$ cat coords.txt   # compact mmCIF, C-alpha atoms and all ligand atoms
# COMPACT_ATOMS: atom_id res chain seq x y z
CA MET A 1 2.67 -1.07 -4.85
CA SER A 2 2.37 2.58 -5.87
CA GLU A 3 1.61 3.61 -9.45
CA SER A 4 2.63 7.27 -9.02
CA LEU A 5 5.36 9.38 -7.43
CA PRO A 6 4.78 10.41 -3.79
CA GLU A 7 4.58 14.06 -2.76
CA ARG A 8 7.33 15.56 -0.63
CA ALA A 9 6.98 18.53 1.73
CA GLU A 10 8.83 21.66 0.60
CA VAL A 11 10.85 21.94 3.78
CA GLN A 12 11.68 18.90 5.84
CA TYR A 13 13.94 19.65 8.75
CA TYR A 14 16.34 16.76 8.77
CA PHE A 15 19.71 17.16 10.51
CA GLY A 16 21.01 13.57 10.31
CA ALA A 17 24.75 12.93 9.94
CA GLY A 18 24.42 10.60 6.99
CA PRO A 19 22.81 9.34 4.91
CA ALA A 20 21.53 12.86 4.67
CA GLN A 21 18.96 14.99 2.96
CA LEU A 22 19.44 15.87 -0.71
CA PRO A 23 18.11 18.99 -2.44
CA LYS A 24 14.47 18.50 -3.40
CA PRO A 25 15.05 19.17 -7.15
CA VAL A 26 17.72 16.45 -7.15
CA ILE A 27 15.45 13.90 -5.51
CA LEU A 28 12.59 14.72 -7.88
CA GLN A 29 14.80 14.46 -10.98
CA LEU A 30 16.36 11.25 -9.65
CA SER A 31 13.00 9.63 -9.03
CA LYS A 32 11.95 10.43 -12.59
CA ASP A 33 15.22 9.09 -13.98
CA ILE A 34 14.83 5.89 -11.97
CA VAL A 35 11.53 5.33 -13.77
CA ASN A 36 12.47 6.53 -17.25
CA TYR A 37 15.86 8.00 -18.10
CA GLU A 38 15.78 10.56 -20.93
CA ASN A 39 12.68 8.96 -22.35
CA GLN A 40 14.49 5.74 -23.21
CA GLY A 41 11.71 3.68 -21.65
CA ILE A 42 14.04 2.28 -19.00
CA GLY A 43 15.39 3.57 -15.67
CA ILE A 44 18.94 4.59 -14.78
CA GLY A 45 19.39 1.66 -12.37
CA GLU A 46 18.33 -0.88 -14.98
CA ILE A 47 20.83 -0.22 -17.76
CA SER A 48 24.29 -1.72 -18.23
CA HIS A 49 27.11 0.28 -16.70
CA ARG A 50 28.95 -0.35 -19.98
CA SER A 51 26.19 1.08 -22.17
CA LYS A 52 26.77 4.31 -24.10
CA THR A 53 24.30 6.08 -21.83
CA ALA A 54 26.05 5.00 -18.62
CA GLN A 55 29.49 5.76 -20.02
CA SER A 56 28.46 9.27 -20.95
CA ILE A 57 27.05 9.84 -17.42
CA ILE A 58 30.35 8.67 -15.91
CA ASP A 59 32.33 10.96 -18.25
CA ASN A 60 30.05 13.89 -17.55
CA THR A 61 30.22 13.40 -13.78
CA ARG A 62 34.01 13.36 -13.92
CA GLU A 63 34.01 16.49 -16.03
CA ASN A 64 31.66 18.30 -13.64
CA ILE A 65 33.89 17.44 -10.69
CA LEU A 66 36.91 18.87 -12.48
CA LYS A 67 34.90 22.00 -13.35
CA LEU A 68 34.02 22.44 -9.68
CA LEU A 69 37.69 22.01 -8.76
CA THR A 70 38.75 24.88 -11.04
CA ASN A 71 37.46 27.15 -8.24
CA ASN A 72 35.60 29.41 -10.66
CA GLY A 73 38.49 29.83 -13.06
CA LYS A 74 41.48 29.82 -10.70
CA TYR A 75 42.73 26.67 -12.40
CA GLU A 76 42.52 25.74 -16.07
CA LEU A 77 40.26 22.78 -16.73
CA ASP A 78 42.73 21.35 -19.24
CA GLN A 79 45.54 21.46 -16.71
CA LEU A 80 43.40 19.74 -14.08
CA ARG A 81 42.55 17.00 -16.57
CA LYS A 82 46.27 16.39 -17.06
CA ASP A 83 47.20 16.46 -13.38
CA TYR A 84 44.35 14.62 -11.65
CA GLU A 85 42.29 11.49 -12.23
CA VAL A 86 38.72 11.14 -10.97
CA PHE A 87 37.22 7.69 -10.46
CA PHE A 88 34.43 5.99 -8.53
CA LEU A 89 34.34 2.63 -6.77
CA GLN A 90 31.61 0.64 -5.11
CA GLY A 91 31.72 1.34 -1.38
CA GLY A 92 31.78 4.22 1.06
CA GLY A 93 34.18 5.87 3.48
CA THR A 94 35.37 2.62 5.06
CA THR A 95 36.29 0.92 1.80
CA GLY A 96 37.94 4.22 0.94
CA PHE A 97 40.23 4.33 3.95
CA SER A 98 41.00 0.58 3.73
CA SER A 99 42.02 1.00 0.10
CA ILE A 100 44.52 3.77 0.86
CA PRO A 101 47.36 1.88 2.62
CA LEU A 102 46.93 -1.13 0.32
CA ASN A 103 47.20 0.91 -2.88
CA LEU A 104 50.22 2.73 -1.49
CA ASN A 105 51.98 -0.35 -0.09
CA SER A 106 54.36 -0.71 -2.99
CA LEU A 107 55.82 2.77 -2.45
CA LYS A 108 58.78 3.08 -0.11
CA GLY A 109 58.22 4.65 3.31
CA LYS A 110 55.60 5.02 6.02
CA GLY A 111 52.11 6.41 6.25
CA GLY A 112 51.82 9.07 8.97
CA TYR A 113 48.37 9.53 10.54
CA LEU A 114 47.08 12.67 12.22
CA ILE A 115 44.34 11.57 14.59
CA SER A 116 41.75 14.24 15.32
CA GLY A 117 38.63 12.14 15.90
CA SER A 118 36.95 8.75 15.57
CA TRP A 119 37.28 8.38 11.79
CA SER A 120 40.98 9.16 11.52
CA LEU A 121 41.53 6.81 14.48
CA LYS A 122 39.57 4.04 12.73
CA SER A 123 41.51 4.63 9.51
CA PHE A 124 44.82 4.29 11.36
CA GLN A 125 43.67 1.11 13.15
CA GLU A 126 42.55 -0.35 9.84
CA ALA A 127 45.86 0.44 8.13
CA LYS A 128 47.68 -1.31 11.00
CA ARG A 129 45.31 -4.28 10.88
CA LEU A 130 46.09 -4.62 7.19
CA GLY A 131 49.79 -4.85 8.06
CA SER A 132 50.86 -1.54 6.51
CA ASP A 133 53.82 0.42 7.79
CA VAL A 134 52.01 3.29 9.52
CA VAL A 135 52.66 5.57 12.49
CA THR A 136 50.68 8.23 14.33
CA LEU A 137 52.21 11.67 14.01
CA TYR A 138 49.64 13.27 16.30
CA ASN A 139 46.85 11.86 18.43
CA ASP A 140 44.50 14.38 19.96
CA LYS A 141 42.78 11.69 22.04
CA ILE A 142 45.92 10.75 23.92
CA GLU A 143 46.63 14.38 24.77
CA ASN A 144 43.15 15.35 25.91
CA ASN A 145 41.38 12.09 26.64
CA ALA A 146 38.59 13.31 24.38
CA PHE A 147 38.87 14.72 20.90
CA LYS A 148 39.15 18.48 21.01
CA GLY A 149 40.62 19.36 17.68
CA CYS A 150 43.55 19.18 15.29
CA TYR A 151 47.27 19.79 15.70
CA LYS A 152 48.11 23.39 16.58
CA GLY A 153 51.90 23.43 16.35
CA ASP A 154 54.36 23.75 13.51
CA TYR A 155 53.56 21.12 10.88
CA SER A 156 57.03 21.10 9.38
CA LYS A 157 58.44 20.17 12.81
CA LEU A 158 55.75 17.50 13.25
CA LEU A 159 56.66 15.90 9.95
CA GLU A 160 60.34 15.87 10.94
CA GLN A 161 59.50 13.17 13.52
CA GLU A 162 59.76 10.59 10.73
CA ASP A 163 62.31 10.78 7.96
CA ASP A 164 60.77 8.23 5.61
CA LEU A 165 57.15 9.32 5.25
CA LYS A 166 55.42 8.59 1.95
CA TYR A 167 52.03 10.02 2.90
CA VAL A 168 50.25 11.93 5.62
CA TYR A 169 46.66 10.93 6.31
CA ILE A 170 43.93 13.18 7.69
CA CYS A 171 40.16 13.11 8.05
CA GLU A 172 39.24 16.65 7.12
CA ASN A 173 35.93 16.69 8.97
CA GLU A 174 35.34 14.35 11.91
CA THR A 175 31.63 13.57 11.61
CA VAL A 176 31.23 12.01 15.06
CA ASN A 177 33.16 14.60 17.05
CA GLY A 178 32.33 17.76 15.10
CA ILE A 179 35.95 18.67 14.37
CA GLU A 180 37.05 20.20 11.08
CA TYR A 181 40.42 21.45 9.87
CA ASP A 182 40.51 25.24 9.61
CA ALA A 183 42.81 27.38 7.43
CA THR A 184 45.90 25.81 9.08
CA ILE A 185 45.36 22.90 6.70
CA LYS A 186 47.27 25.05 4.20
CA ASP A 187 50.29 24.90 6.54
CA LEU A 188 50.01 21.13 6.62
CA ALA A 189 49.78 20.99 2.83
CA LYS A 190 52.86 23.21 2.53
CA ALA A 191 54.83 21.09 5.03
CA CYS A 192 53.91 17.99 3.00
CA ARG A 193 54.95 19.64 -0.25
CA ASP A 194 58.28 20.77 1.24
CA LYS A 195 59.00 17.20 2.34
CA ASN A 196 57.76 15.64 -0.86
CA VAL A 197 55.10 13.69 1.04
CA GLU A 198 51.60 13.15 -0.33
CA LEU A 199 48.65 14.51 1.66
CA ILE A 200 45.80 11.99 1.60
CA ALA A 201 42.44 13.05 2.96
CA ASP A 202 39.05 11.61 3.85
CA LEU A 203 36.47 14.21 2.86
CA SER A 204 33.43 11.99 3.35
CA SER A 205 31.56 14.56 5.41
CA ASP A 206 32.77 17.88 4.03
CA VAL A 207 33.45 17.30 0.36
CA PHE A 208 32.29 20.26 -1.76
CA SER A 209 30.99 22.08 1.31
CA ARG A 210 33.93 24.48 1.03
CA GLU A 211 36.46 25.38 -1.59
CA ILE A 212 39.69 23.41 -1.53
CA ASP A 213 42.86 23.65 -3.55
CA ILE A 214 43.16 20.23 -5.17
CA TYR A 215 46.89 20.81 -5.75
CA ASP A 216 47.33 20.49 -1.97
CA TYR A 217 46.41 16.80 -2.14
CA GLY A 218 47.78 13.54 -3.45
CA VAL A 219 44.46 11.74 -3.02
CA ILE A 220 41.03 12.76 -1.82
CA MET A 221 38.38 10.18 -1.12
CA ALA A 222 34.78 10.62 -0.01
CA GLY A 223 31.83 8.34 0.59
CA ALA A 224 28.88 9.79 -1.30
CA GLN A 225 26.05 9.75 1.20
CA LYS A 226 26.36 13.09 2.99
CA ASN A 227 27.01 16.17 0.89
CA ILE A 228 26.98 14.77 -2.60
CA GLY A 229 24.65 11.81 -2.96
CA ILE A 230 23.34 8.52 -1.69
CA ALA A 231 25.19 5.53 -0.24
CA GLY A 232 26.85 3.05 -2.56
CA LEU A 233 30.00 4.56 -3.93
CA THR A 234 33.21 6.35 -3.13
CA LEU A 235 34.64 9.27 -5.04
CA TYR A 236 38.42 9.39 -5.52
CA ILE A 237 40.43 12.28 -6.92
CA ALA A 238 44.05 11.27 -7.28
CA LYS A 239 47.20 12.96 -8.54
CA LYS A 240 48.14 11.35 -11.82
CA SER A 241 51.85 11.27 -11.01
CA LEU A 242 51.11 9.28 -7.84
CA LEU A 243 48.99 6.76 -9.74
CA ASP A 244 51.80 6.42 -12.28
CA GLN A 245 54.31 5.78 -9.51
CA ILE A 246 52.09 3.05 -8.03
CA LYS A 247 51.69 1.51 -11.48
CA ALA A 248 55.44 1.48 -12.05
CA ASN A 249 56.05 -0.25 -8.69
CA GLY A 250 53.21 -2.77 -9.09
CA VAL A 251 50.45 -3.35 -6.56
CA ASP A 252 50.41 -5.36 -3.35
CA SER A 253 49.05 -8.85 -3.95
CA ASN A 254 46.74 -8.39 -0.95
CA LEU A 255 44.89 -5.55 -2.63
CA PRO A 256 41.36 -6.72 -3.53
CA ILE A 257 41.03 -6.29 -7.28
CA ALA A 258 37.88 -4.16 -7.04
CA PHE A 259 39.82 -1.59 -4.99
CA ASP A 260 42.80 -1.31 -7.31
CA TRP A 261 42.83 2.41 -8.14
CA ASN A 262 44.80 2.15 -11.37
CA LEU A 263 42.80 -0.78 -12.66
CA GLN A 264 39.53 1.03 -11.99
CA ASN A 265 40.77 4.32 -13.37
CA ASP A 266 42.04 2.64 -16.55
CA ASN A 267 38.62 1.02 -16.99
CA ASN A 268 36.58 4.22 -16.63
CA SER A 269 35.51 3.06 -13.12
CA CYS A 270 33.91 0.01 -14.71
CA TYR A 271 36.25 -2.87 -14.00
CA ASN A 272 33.27 -4.22 -12.06
CA THR A 273 29.69 -2.94 -11.87
CA ILE A 274 29.47 0.66 -10.81
CA PRO A 275 26.12 1.48 -9.13
CA MET A 276 24.51 3.87 -11.61
CA VAL A 277 21.78 5.27 -9.34
CA PRO A 278 24.28 6.68 -6.80
CA LEU A 279 26.56 7.84 -9.61
CA HIS A 280 23.79 9.66 -11.45
CA THR A 281 22.71 11.23 -8.14
CA LEU A 282 26.22 12.60 -7.72
CA ASN A 283 26.05 14.15 -11.15
CA LEU A 284 22.69 15.79 -10.45
CA VAL A 285 24.16 17.31 -7.28
CA PHE A 286 27.22 18.56 -9.18
CA GLN A 287 25.13 20.03 -12.01
CA ARG A 288 23.12 21.94 -9.41
CA LEU A 289 26.24 23.17 -7.59
CA LEU A 290 27.69 24.44 -10.88
CA ALA A 291 24.42 26.12 -11.87
CA ASN A 292 24.32 27.85 -8.47
CA GLY A 293 27.77 29.41 -8.83
CA GLY A 294 30.16 26.67 -7.74
CA ILE A 295 31.53 25.64 -4.38
CA LYS A 296 32.32 29.15 -3.16
CA GLU A 297 28.62 30.11 -3.24
CA GLN A 298 27.71 27.00 -1.29
CA GLU A 299 30.51 27.67 1.18
CA THR A 300 29.16 31.17 1.89
CA ILE A 301 25.76 29.69 2.80
CA ASN A 302 27.39 26.98 4.91
CA ILE A 303 29.41 29.55 6.86
CA GLU A 304 26.27 31.58 7.57
CA LYS A 305 24.34 28.50 8.77
CA ALA A 306 27.12 27.39 11.11
CA ASP A 307 27.92 30.88 12.42
CA LYS A 308 24.28 31.51 13.30
CA LEU A 309 23.89 28.24 15.15
CA TYR A 310 27.20 28.42 17.05
CA SER A 311 26.57 32.00 18.12
CA VAL A 312 23.25 31.03 19.75
CA LEU A 313 24.83 27.98 21.37
CA ASP A 314 27.63 30.20 22.73
CA LYS A 315 25.03 32.57 24.13
CA TYR A 316 23.60 29.71 26.20
CA SER A 317 26.90 28.03 27.02
CA THR A 318 28.13 27.34 30.55
CA GLU A 319 30.81 29.99 29.91
CA SER A 320 28.34 32.69 28.89
CA THR A 321 27.76 35.90 30.80
CA GLU A 322 24.91 37.01 28.53
CA VAL A 323 22.10 34.97 30.09
CA GLU A 324 20.85 33.92 33.53
CA GLU A 325 22.62 31.01 35.18
CA LYS A 326 19.76 28.53 34.72
CA GLN A 327 19.94 29.15 30.95
CA ARG A 328 23.64 28.27 30.68
CA ILE A 329 23.10 24.73 29.49
CA VAL A 330 25.42 24.17 26.51
CA LYS A 331 28.86 22.55 26.84
CA PHE A 332 31.43 22.21 24.08
CA THR A 333 34.37 19.79 24.04
CA VAL A 334 35.72 20.94 20.70
CA ASP A 335 38.17 23.81 20.56
CA LYS A 336 36.54 26.86 18.90
CA GLN A 337 39.23 26.96 16.23
CA PHE A 338 38.25 23.53 14.91
CA ARG A 339 34.47 23.62 15.18
CA SER A 340 32.92 21.81 12.27
CA LYS A 341 30.60 23.65 9.91
CA MET A 342 29.08 20.36 8.89
CA ASN A 343 28.42 18.62 12.23
CA VAL A 344 27.66 20.87 15.19
CA VAL A 345 28.34 18.67 18.21
CA PHE A 346 27.65 19.73 21.80
CA ASN A 347 26.36 18.55 25.15
CA LEU A 348 23.66 19.89 27.41
CA ILE A 349 24.43 19.99 31.14
CA THR A 350 22.73 16.67 31.91
CA PRO A 351 21.92 13.56 29.83
CA GLU A 352 18.27 13.99 30.93
CA LEU A 353 18.16 17.46 29.41
CA GLU A 354 19.75 16.13 26.21
CA ASN A 355 17.08 13.43 25.97
CA GLN A 356 14.34 15.94 26.62
CA PHE A 357 15.73 18.27 23.95
CA ALA A 358 16.06 15.51 21.35
CA LYS A 359 12.53 14.27 22.11
CA GLU A 360 10.92 17.70 21.92
CA ALA A 361 12.91 18.58 18.80
CA GLU A 362 11.66 15.42 17.08
CA ALA A 363 8.06 16.14 18.14
CA ASN A 364 8.36 19.62 16.62
CA GLY A 365 9.70 18.38 13.27
CA PHE A 366 13.45 18.86 13.83
CA LEU A 367 14.59 15.35 13.06
CA ALA A 368 17.79 13.39 13.82
CA VAL A 369 19.58 15.71 16.27
CA LYS A 370 20.86 13.03 18.67
CA GLY A 371 24.64 12.66 18.96
CA HIS A 372 26.50 9.62 17.68
CA ARG A 373 25.98 6.58 19.92
CA SER A 374 29.69 6.53 20.86
CA VAL A 375 29.77 10.08 22.26
CA GLY A 376 26.15 10.96 23.11
CA GLY A 377 25.07 14.59 23.32
CA ILE A 378 23.51 16.49 20.45
CA ARG A 379 24.68 16.62 16.84
CA VAL A 380 23.14 18.91 14.26
CA SER A 381 24.44 18.20 10.77
CA LEU A 382 24.35 21.10 8.36
CA TYR A 383 25.27 19.53 5.03
CA ASN A 384 24.81 21.43 1.77
CA ALA A 385 21.15 20.48 1.33
CA VAL A 386 20.12 21.84 4.76
CA LYS A 387 18.61 25.23 4.11
CA LEU A 388 19.32 28.39 6.08
CA GLU A 389 15.62 28.57 7.04
CA ALA A 390 15.92 25.16 8.69
CA VAL A 391 18.76 26.44 10.87
CA GLU A 392 16.90 29.66 11.69
CA ASP A 393 13.81 27.73 12.75
CA LEU A 394 15.92 25.34 14.82
CA ILE A 395 17.48 28.34 16.57
CA LYS A 396 13.99 29.70 17.42
CA PHE A 397 13.01 26.30 18.76
CA PHE A 398 16.20 26.14 20.84
CA GLU A 399 15.62 29.59 22.34
CA ASN A 400 12.04 28.65 23.24
CA PHE A 401 13.32 25.47 24.84
CA VAL A 402 15.81 27.42 26.97
CA ASN A 403 13.26 30.07 27.91
CA LYS A 404 10.96 27.40 29.33
CA LEU A 405 13.64 26.16 31.77
N1 LIG B 501 34.79 8.70 7.13
C1 LIG B 501 33.96 9.64 7.61
C2 LIG B 501 34.49 11.03 7.81
C3 LIG B 501 32.64 9.32 7.90
O1 LIG B 501 31.82 10.25 8.38
C4 LIG B 501 32.17 8.01 7.68
C5 LIG B 501 30.73 7.59 7.94
N2 LIG B 501 29.97 8.37 8.69
C6 LIG B 501 33.07 7.06 7.20
C7 LIG B 501 34.37 7.44 6.92
C8 LIG B 501 32.63 5.64 6.94
O2 LIG B 501 31.75 5.66 5.88
P1 LIG B 501 30.92 4.37 5.42
O3 LIG B 501 29.89 4.15 6.45
O4 LIG B 501 30.37 4.80 4.11
O5 LIG B 501 31.88 3.25 5.30

$ encode --input "coords.txt" --output "structure tokens"
Amino acid sequence: MSESLPERAEVQYYFGAGPAQLPKPVILQLSKDIVNYENQGIGIGEISHRSKTAQSIIDNTRENILKLLTNNGKYELDQLRKDYEVFFLQGGGTTGFSSIPLNLNSLKGKGGYLISGSWSLKSFQEAKRLGSDVVTLYNDKIENNAFKGCYKGDYSKLLEQEDDLKYVYICENETVNGIEYDATIKDLAKACRDKNVELIADLSSDVFSREIDIYDYGVIMAGAQKNIGIAGLTLYIAKKSLLDQIKANGVDSNLPIAFDWNLQNDNNSCYNTIPMVPLHTLNLVFQRLLANGGIKEQETINIEKADKLYSVLDKYSTESTEVEEKQRIVKFTVDKQFRSKMNVVFNLITPELENQFAKEAEANGFLAVKGHRSVGGIRVSLYNAVKLEAVEDLIKFFENFVNKL
């Protein structure tokens, strides 16, 4: 076994959908802290989660999240501390979406699901399997036979379909299908507010990639392993008044104790053993985001990366008039309005061409661009740690590939 830290290339072009690349300074700091945290002679994964050191990391991580959610001063930190609770549980996105209907079971009413891709569909199926009272308010798959996007109509009318909703569930970015809510999410949030219904969202693949208004949500949950860390835990940000309501009503006896939001929150996320390496990783990512100007700065970079890539793909799309016919090789299923900035998903005109592209990309150092096994095609994930240069070089490679056809 090695006695020293390995080297790591400055730029590694990795476009995987998750687990995903982390910023190099984060990985370097993390590897040091795994060996020896703050010169204590022991690593971050080896200490008790109840130790003073671990407790202060948990507190600091929570504080950094709230600071990020102030949106550079739009909200007062003190107010956010009063209105929202931040806690972490062992798990990922799946434990996150299973925990939602169970924690909310004791409240009166139904959960309404908006299905815009594979993960919201899975979340709905899981809620049903768990015996919760849930309905679909919108299912893009049924309407189009393939996921194309999110609901485009009037959200207040959509919510009128059911008169006893307690929450509306969405997956804000569909990782498999490359579908992300656009600005119309504000209309959904308003419709929920007007009806006194909580908006509950899975942000596993777009958390902190763009600014959000936390006051639009009752609960946000996100698995850590894409934009903000490594696999092993789920981040929850929950409205305090909702947690209080659940507490007053008592929890469903079927809720596994480790996924009881109030119990975990009341125990500083330490009712059971919180994995400290993933948690500390989260905090390193948040410290870096704050030092770099907050979420808005990161969002600006993310918009530039996605815009550049989509505009080249549009140039070579089957609908294009800009290039010769033999170069029109890109096909999109997703409606332009809902194109994801995190997962750019498209097809090439034949599966053979897709395989050839993925193979040549890999050979040239552009790793993990194959689509999800359930949908095929190509998927280029552009999470926060993917640099603009990586996208620019991928674009050059793509243009060379097309020019050789
Ligand atoms: N939700 C979304 C949006 C996801 O992308 C994923 C995983 N890719 C999940 C949930 C499930 O996450 P996990 O594998 O951590 O359970």

$ closest_atom_pairs --input "coords.txt" --of "chain A" --to "ligand LIG 501 (chain B)" --cutoff "10 Å" --atoms "all atoms listed in the file" --output "tab-separated table"
residue	atom	partner	partner_atom	distance
A:Ala17	CA	B:LIG501	N2	7.0
A:Gly18	CA	B:LIG501	N2	6.2
A:Pro19	CA	B:LIG501	N2	8.2
A:Gly91	CA	B:LIG501	O4	6.6
A:Gly92	CA	B:LIG501	O4	3.4
A:Gly93	CA	B:LIG501	O2	3.4
A:Thr94	CA	B:LIG501	O5	3.6
A:Thr95	CA	B:LIG501	O5	6.1
A:Gly96	CA	B:LIG501	O5	7.5
A:Phe97	CA	B:LIG501	C7	7.3
A:Ser98	CA	B:LIG501	O5	9.6
A:Gly117	CA	B:LIG501	C2	9.2
A:Ser118	CA	B:LIG501	C2	8.5
A:Trp119	CA	B:LIG501	N1	5.3
A:Ser120	CA	B:LIG501	N1	7.6
A:Lys122	CA	B:LIG501	C7	8.5
A:Ser123	CA	B:LIG501	C7	8.1
A:Ile170	CA	B:LIG501	C2	9.7
A:Cys171	CA	B:LIG501	C2	6.0
A:Glu172	CA	B:LIG501	C2	7.4
A:Asn173	CA	B:LIG501	C2	6.0
A:Glu174	CA	B:LIG501	C2	5.3
A:Thr175	CA	B:LIG501	O1	4.6
A:Val176	CA	B:LIG501	O1	6.9
A:Asn177	CA	B:LIG501	O1	9.8
A:Ala201	CA	B:LIG501	C2	9.5
A:Asp202	CA	B:LIG501	C2	6.1
A:Leu203	CA	B:LIG501	C2	6.2
A:Ser204	CA	B:LIG501	C2	4.7
A:Ser205	CA	B:LIG501	C2	5.2
A:Asp206	CA	B:LIG501	C2	8.0
A:Val207	CA	B:LIG501	C2	9.8
A:Met221	CA	B:LIG501	N1	9.1
A:Ala222	CA	B:LIG501	N1	7.4
A:Gly223	CA	B:LIG501	O4	5.2
A:Ala224	CA	B:LIG501	O4	7.5
A:Gln225	CA	B:LIG501	O4	7.2
A:Lys226	CA	B:LIG501	O1	8.2
A:Ile230	CA	B:LIG501	O4	9.8
A:Ala231	CA	B:LIG501	O4	6.8
A:Gly232	CA	B:LIG501	O4	7.7
A:Leu233	CA	B:LIG501	O4	8.1
A:Thr234	CA	B:LIG501	O4	7.9
A:Asn343	CA	B:LIG501	O1	9.8
A:His372	CA	B:LIG501	N2	9.7

$ closest_residue --input "coords.txt" --among "A:Leu243, A:Ile44, A:Ala385, A:Ile65" --to "Asp260 (chain A)" --atoms "all atoms listed in the file"
A:Leu243

$ residues_around --input "coords.txt" --residues "Leu255 (chain A)" --least-positions-apart "6" --cutoff "8 Å" --atoms "all atoms listed in the file" --output "list in words"
Ser99, Leu102 and Asn103 of chain A

$ closest_residue --input "coords.txt" --among "A:Val375, A:Ile179, A:Ile200, A:Ile185" --to "Lys341 (chain A)" --atoms "all atoms listed in the file"
A:Ile179

$ atom_distance --input "coords.txt" --atom1 "CA of Val135 (chain A)" --atom2 "CA of Ala183 (chain A)"
24.5 Å

$ residues_near_point --input "coords.txt" --point "(41.2, 13.4, -3.9)" --cutoff "10 Å" --atoms "all atoms listed in the file" --output "PyMOL selection string"
chain A and resi 84-87+199-203+207+214-222+235-239

$ residues_around --input "coords.txt" --residues "region 358-360 of chain A" --least-positions-apart "4" --cutoff "9 Å" --atoms "all atoms listed in the file" --output "list in words"
Leu353, Glu354, Asn364, Gly365, Phe366, Leu367, Ala368, Val369, Lys370, Ile378 and Phe401 of chain A

$ closest_residue --input "coords.txt" --among "A:Lys110, A:Lys296, A:His280, A:Lys240" --to "Phe208 (chain A)" --atoms "only C-alpha atoms"
A:Lys296

$ closest_residue --input "coords.txt" --among "A:Glu322, A:Arg379, A:Val197, A:Ser106" --to "Gly250 (chain A)" --atoms "only C-alpha atoms"
A:Ser106

$ residues_near_point --input "coords.txt" --point "(36.7, 17.2, 22.2)" --cutoff "6 Å" --atoms "all atoms listed in the file" --output "PyMOL selection string"
chain A and resi 146-148+333-334

$ write_last_selection --input "coords.txt" --atoms "C-alpha atoms" --output "PDB file, keeping the file's coordinate frame"
ATOM      1  CA  ALA A 146      38.590  13.310  24.380  1.00  0.00           C
ATOM      2  CA  PHE A 147      38.870  14.720  20.900  1.00  0.00           C
ATOM      3  CA  LYS A 148      39.150  18.480  21.010  1.00  0.00           C
ATOM      4  CA  THR A 333      34.370  19.790  24.040  1.00  0.00           C
ATOM      5  CA  VAL A 334      35.720  20.940  20.700  1.00  0.00           C
TER       6      VAL A 334
END

$ atom_distance --input "coords.txt" --atom1 "CA of Asp252 (chain A)" --atom2 "CA of Asn105 (chain A)"
6.2 Å

$ atom_distance --input "coords.txt" --atom1 "CA of Asn265 (chain A)" --atom2 "CA of Asp133 (chain A)"
25.2 Å

$ residues_around --input "coords.txt" --residues "Asn347 (chain A)" --least-positions-apart "5" --cutoff "8 Å" --atoms "all atoms listed in the file" --output "PyMOL selection string"
chain A and resi 330-332+354+376-378

$ closest_residue --input "coords.txt" --among "A:Ser132, A:Gln327, A:Thr300, A:Asn283" --to "Lys404 (chain A)" --atoms "all atoms listed in the file"
A:Gln327

$ closest_residue --input "coords.txt" --among "A:Leu348, A:Glu198, A:Ile246, A:Leu382" --to "Phe398 (chain A)" --atoms "all atoms listed in the file"
A:Leu348

$ axis_aligned_box --input "coords.txt" --around "region 328-332 of chain A" --padding-each-side "4 Å" --output "JSON"
{"center_x": 27.3, "center_y": 25.2, "center_z": 27.4, "size_x": 16.3, "size_y": 14.1, "size_z": 14.6}

$ residues_around --input "coords.txt" --residues "Gln337 (chain A)" --least-positions-apart "6" --cutoff "9 Å" --atoms "only C-alpha atoms" --output "PyMOL selection string"
chain A and resi 149-150+180-182

$ closest_atom_pairs --input "coords.txt" --of "region 145-259 of chain A" --to "region 68-77 of chain A" --cutoff "8 Å" --atoms "all atoms listed in the file" --output "tab-separated table"
residue	atom	partner	partner_atom	distance
A:Glu211	CA	A:Asn71	CA	7.0
A:Ile212	CA	A:Leu69	CA	7.6
A:Asp213	CA	A:Leu69	CA	7.5
A:Ile214	CA	A:Leu69	CA	6.8

$ residues_around --input "coords.txt" --residues "Glu160 (chain A)" --least-positions-apart "6" --cutoff "12 Å" --atoms "only C-alpha atoms" --output "mmCIF file with C-alpha atoms, in the coordinates of the input"
data_model
loop_
_atom_site.group_PDB
_atom_site.id
_atom_site.type_symbol
_atom_site.label_atom_id
_atom_site.label_comp_id
_atom_site.auth_asym_id
_atom_site.auth_seq_id
_atom_site.Cartn_x
_atom_site.Cartn_y
_atom_site.Cartn_z
ATOM 1 C CA GLY A 112 51.820 9.070 8.970
ATOM 2 C CA LEU A 137 52.210 11.670 14.010
ATOM 3 C CA ASP A 154 54.360 23.750 13.510
ATOM 4 C CA ALA A 191 54.830 21.090 5.030
ATOM 5 C CA CYS A 192 53.910 17.990 3.000
ATOM 6 C CA ASP A 194 58.280 20.770 1.240
ATOM 7 C CA LYS A 195 59.000 17.200 2.340
ATOM 8 C CA VAL A 197 55.100 13.690 1.040
#
